[in-house]
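J.: Please read through the structure below; I'll follow up with questions.
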Number of protein chains: 2
Amino acid sequence: MTDGSTGDDRVVVALDVGGTGMKCALVRPDGSVAHAERHPTDAGRGPDAVVRTVLAVAEGLADRARAAGSTPVACGVAVPGVVDEAAGVAVWSANVGFRDVPLRTLVGARLGLPAALGHDVRVGGIAEARLGAGRDARHVLFVAIGTGIAAAHVVAGSAAVGAHGAAGEIGHILVRPDGPRCGCGRPGCLEAVSSASAIARRYAELAAGTPPDPPATDPVAVPTGTMPARGAASAADVAGRAAAGEALAGRVWREAVEALADGLATGQALYDVDTMVIGGGLARAGEQLLDPLRAALHDRMTFHREPRLVAAALGDEAGCLGAALLALDTLERR
Amino acid sequence: MTDGSTGDDRVVVALDVGGTGMKCALVRPDGSVAHAERHPTDAGRGPDAVVRTVLAVAEGLADRARAAGSTPVACGVAVPGVVDEAAGVAVWSANVGFRDVPLRTLVGARLGLPAALGHDVRVGGIAEARLGAGRDARHVLFVAIGTGIAAAHVVAGSAAVGAHGAAGEIGHILVRPDGPRCGCGRPGCLEAVSSASAIARRYAELAAGTPPDPPATDPVAVPTGTMPARGAASAADVAGRAAAGEALAGRVWREAVEALADGLATGQALYDVDTMVIGGGLARAGEQLLDPLRAALHDRMTFHREPRLVAAALGDEAGCLGAALLALDTLERR
């Protein structure tokens, strides 16, 4: 702990670096937010420029804390992709362009403070489990559903990292052996059926009258270039149209929910949690997602104990709050 | 630790109680076996009689240790089914008939020693991870394939138990949505396709000329009662016939291996381990199982890091050794 600080004036600097924007904050030891700001990532400038921005924003936040009479005591940074949390290295990220960036060391040296680096979904899970929708449970699975699908298995406030920093990749478990090909290259992954982008794509395909399952040997046969405007709907649009009674949207939504329930049932068989917290962009559909998802999951529970299924409570601030919690954890360990 | 004992003469009493037999041993603190014996479980006598036998065998082992100049210092018992390890209660077991039996308290009181109760597959996984095929790895998934399929996720020598004592149920994850119905009631579970009993059943069905996938609405259509003798083959027989070039056996074996690879790939996506240890009766097929399984798992790894896939090293003694390790752990915690 920095000399001269008291429990009252301490804050940590927290950054959640995404492909589009950075969510940044000064967070008190009790998890409350003293100050929040957002910056564009501009990942197109390349990883070196992004790192310079991260360091400048972190330093600016520490200066702001001092100017306000607070004492910055640590810094936490969350990034997407593959993260080696033990080494503090951003190993790989498609969205931000990181490749083996020793971000923890860079941030710590720039600020002269203890620093921590975490994976965005894992720290989001930590925040939901400690401060958010899972705060009453010891065993929590946080599932973030957006462009992709990923999970964090959090037990007693700590997220499982795995042997190579890749635990919790629930988006890439097989749910539909005859299903669409995933971005990872395999057919039938959960992410290829139930992510927000998969829902939008599936709706567009069906609306355009293309065959439901184009032969994998001839992907060119899908005339996406001639797609009519009525097919251009986001997952949120599909949810809305399904709620309004449109048959096609209803079918796409149901298929996604059924596959998602299969994925969550697999997660429950392997992890056996008390509570599943559903976050990410798709969770904004609220009970329109959770109600049928709960029913479909219930149908799949035989001998297993059924987990409580709840919406995330912290919205898109979960990653930033989780980065702050990681920073606070470094202080406890000292 | 018992007064007067030295590090050299200490042993723990260990019992692995299965539906058919009990594997029992006196085990030294270094994991070496001082004495081993086996007894029938005779589960048909009912759970009370089984508990009496467990207590009598445990007491007999402790007496034998003392007679040999050793000092019994703790007792560990492994049982199948649902086990509340924190409370020391055998919650439920179809094979042995246990229902809410406070086995840890009963054994501890009878022997006057610290006692531990564990789940058979989880303690088997602990033994393989600490003393067996996973001893060089920190993150291990032990998968036992026999009549059923179950797994233990062991990190740094401890097995994940889950919120309700049900973690690791890899036999009940969905791999074939159009596949055969599982004993648990759901269609397409891994156990319904790749367990030793599923392999034998599938071979018998195909050999009898029944349709490969009888409609689920009319299970009576499968004339198992009229099955010809050539269909009555164990999973080991199917493996042998496949190796000898029999087409039908080859097909059944391949289907089982492919589904198993799907299940292990899901396990890797969620757990991210260094090493997968394959045990249980089916693992006796050795490289005839592991070779094609490794290739099929390799095909399924895209962005994930591929785990090492090895055969279990401790055979059917893993559960008994794991019970001994649990007993030793109780001494460390005191």
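Ordered as shown in the structure tokens, chains take letters A, B, and onward, while each chain numbers its residues from 1 and ligands are numbered from 1 in the order shown.
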Running DSSP on the backbone, which parts of region 37-73 of chain A land in strand (DSSP E), as a list of chain:residue names?

T.: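 Of region 37-73 of chain A, the ones in strand (DSSP E) are A:Glu37, A:Arg38, A:His39, A:Pro40, A:Thr71, A:Pro72, A:Val73.
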
J.: I need the chosen residues saved as an mmCIF file, in the first residue's frame, with C-alpha atoms.

T.:
data_model
loop_
_atom_site.group_PDB
_atom_site.id
_atom_site.type_symbol
_atom_site.label_atom_id
_atom_site.label_comp_id
_atom_site.auth_asym_id
_atom_site.auth_seq_id
_atom_site.Cartn_x
_atom_site.Cartn_y
_atom_site.Cartn_z
ATOM 1 C CA GLU A 37 -14.774 7.910 -18.889
ATOM 2 C CA ARG A 38 -14.744 6.322 -22.331
ATOM 3 C CA HIS A 39 -12.302 6.576 -25.215
ATOM 4 C CA PRO A 40 -12.246 5.167 -28.740
ATOM 5 C CA THR A 71 -4.440 8.042 -3.987
ATOM 6 C CA PRO A 72 -4.179 5.648 -6.955
ATOM 7 C CA VAL A 73 -2.823 2.386 -5.555
#

J.: Which neighbours of Val33 (chain A) fall inside 12 Å, counting only C-alpha atoms, when residues of the same chain fewer than 2 positions from it are skipped, and could you give them as a PyMOL selection string?

T.: chain A and resi 10-14+24-31+35-37+65+317-318+320-322+324-325

J.: Could the residues in this selection be saved with C-alpha atoms as a PDB file, in the first residue's frame?

T.:
ATOM      1  CA  ARG A  10      -7.588   4.979  -2.192  1.00  0.00           C
ATOM      2  CA  VAL A  11      -8.714   4.246  -5.746  1.00  0.00           C
ATOM      3  CA  VAL A  12      -7.620   1.856  -8.487  1.00  0.00           C
ATOM      4  CA  VAL A  13      -7.293   2.730 -12.153  1.00  0.00           C
ATOM      5  CA  ALA A  14      -9.329   0.344 -14.351  1.00  0.00           C
ATOM      6  CA  CYS A  24     -12.203   3.414 -18.004  1.00  0.00           C
ATOM      7  CA  ALA A  25     -12.789   4.275 -14.350  1.00  0.00           C
ATOM      8  CA  LEU A  26     -11.408   5.129 -10.959  1.00  0.00           C
ATOM      9  CA  VAL A  27     -12.870   2.610  -8.533  1.00  0.00           C
ATOM     10  CA  ARG A  28     -12.846   2.652  -4.721  1.00  0.00           C
ATOM     11  CA  PRO A  29     -11.935  -0.435  -2.650  1.00  0.00           C
ATOM     12  CA  ASP A  30     -15.641  -1.076  -1.984  1.00  0.00           C
ATOM     13  CA  GLY A  31     -16.302  -1.385  -5.735  1.00  0.00           C
ATOM     14  CA  HIS A  35     -15.094   8.546 -11.936  1.00  0.00           C
ATOM     15  CA  ALA A  36     -15.785   6.978 -15.352  1.00  0.00           C
ATOM     16  CA  GLU A  37     -14.774   7.910 -18.889  1.00  0.00           C
ATOM     17  CA  ALA A  65      -7.268  10.846  -8.976  1.00  0.00           C
ATOM     18  CA  GLU A 317     -19.350  -1.862 -17.146  1.00  0.00           C
ATOM     19  CA  ALA A 318     -18.712  -5.403 -15.917  1.00  0.00           C
ATOM     20  CA  CYS A 320     -14.085  -2.327 -16.246  1.00  0.00           C
ATOM     21  CA  LEU A 321     -15.283  -3.195 -12.724  1.00  0.00           C
ATOM     22  CA  GLY A 322     -13.674  -6.629 -13.062  1.00  0.00           C
ATOM     23  CA  ALA A 324     -10.657  -2.883 -10.902  1.00  0.00           C
ATOM     24  CA  LEU A 325     -11.279  -6.003  -8.794  1.00  0.00           C
TER      25      LEU A 325
END

J.: Enumerate, in order of chain and increasing residue number, the residues of chain B with an atom no farther than 7 Å from chain A, each with its shortest atom pair and distance in Å to one decimal, counting only C-alpha atoms, as a tab-separated table.

T.:
residue	atom	partner	partner_atom	distance
B:His139	CA	A:Ala163	CA	5.9
B:Gly162	CA	A:Asp272	CA	4.8
B:Ala163	CA	A:Val273	CA	5.2
B:His164	CA	A:Asp272	CA	6.7
B:Ala166	CA	A:Asp272	CA	5.8
B:Ala167	CA	A:Asp272	CA	4.8
B:Gly168	CA	A:Leu270	CA	4.4
B:Glu169	CA	A:Ala269	CA	5.0
B:Ile170	CA	A:Leu270	CA	6.0
B:His172	CA	A:Ala269	CA	6.5
B:Ile173	CA	A:Thr266	CA	4.9
B:Leu174	CA	A:Thr266	CA	6.7
B:Val175	CA	A:Val175	CA	6.9
B:Cys184	CA	A:Thr302	CA	6.2
B:Gly185	CA	A:Thr302	CA	6.8
B:Thr266	CA	A:Ile173	CA	4.9
B:Ala269	CA	A:Glu169	CA	5.0
B:Leu270	CA	A:Gly168	CA	4.4
B:Tyr271	CA	A:Ala167	CA	5.0
B:Asp272	CA	A:Gly162	CA	4.8
B:Val273	CA	A:Ala163	CA	5.2
B:Asp274	CA	A:Ala163	CA	5.8
B:Thr302	CA	A:Cys184	CA	6.2
B:Phe303	CA	A:Cys184	CA	6.9

J.: With only C-alpha atoms as the atoms that count, which of B:Gly76, B:Pro47, B:Gly157, B:Pro114 lies nearest to Leu15 (chain B)?

T.: B:Gly76

J.: Quick one: distance from CA of Arg201 (chain B) to CA of Glu287 (chain B) in Å, one decimal?

T.: 22.5 Å
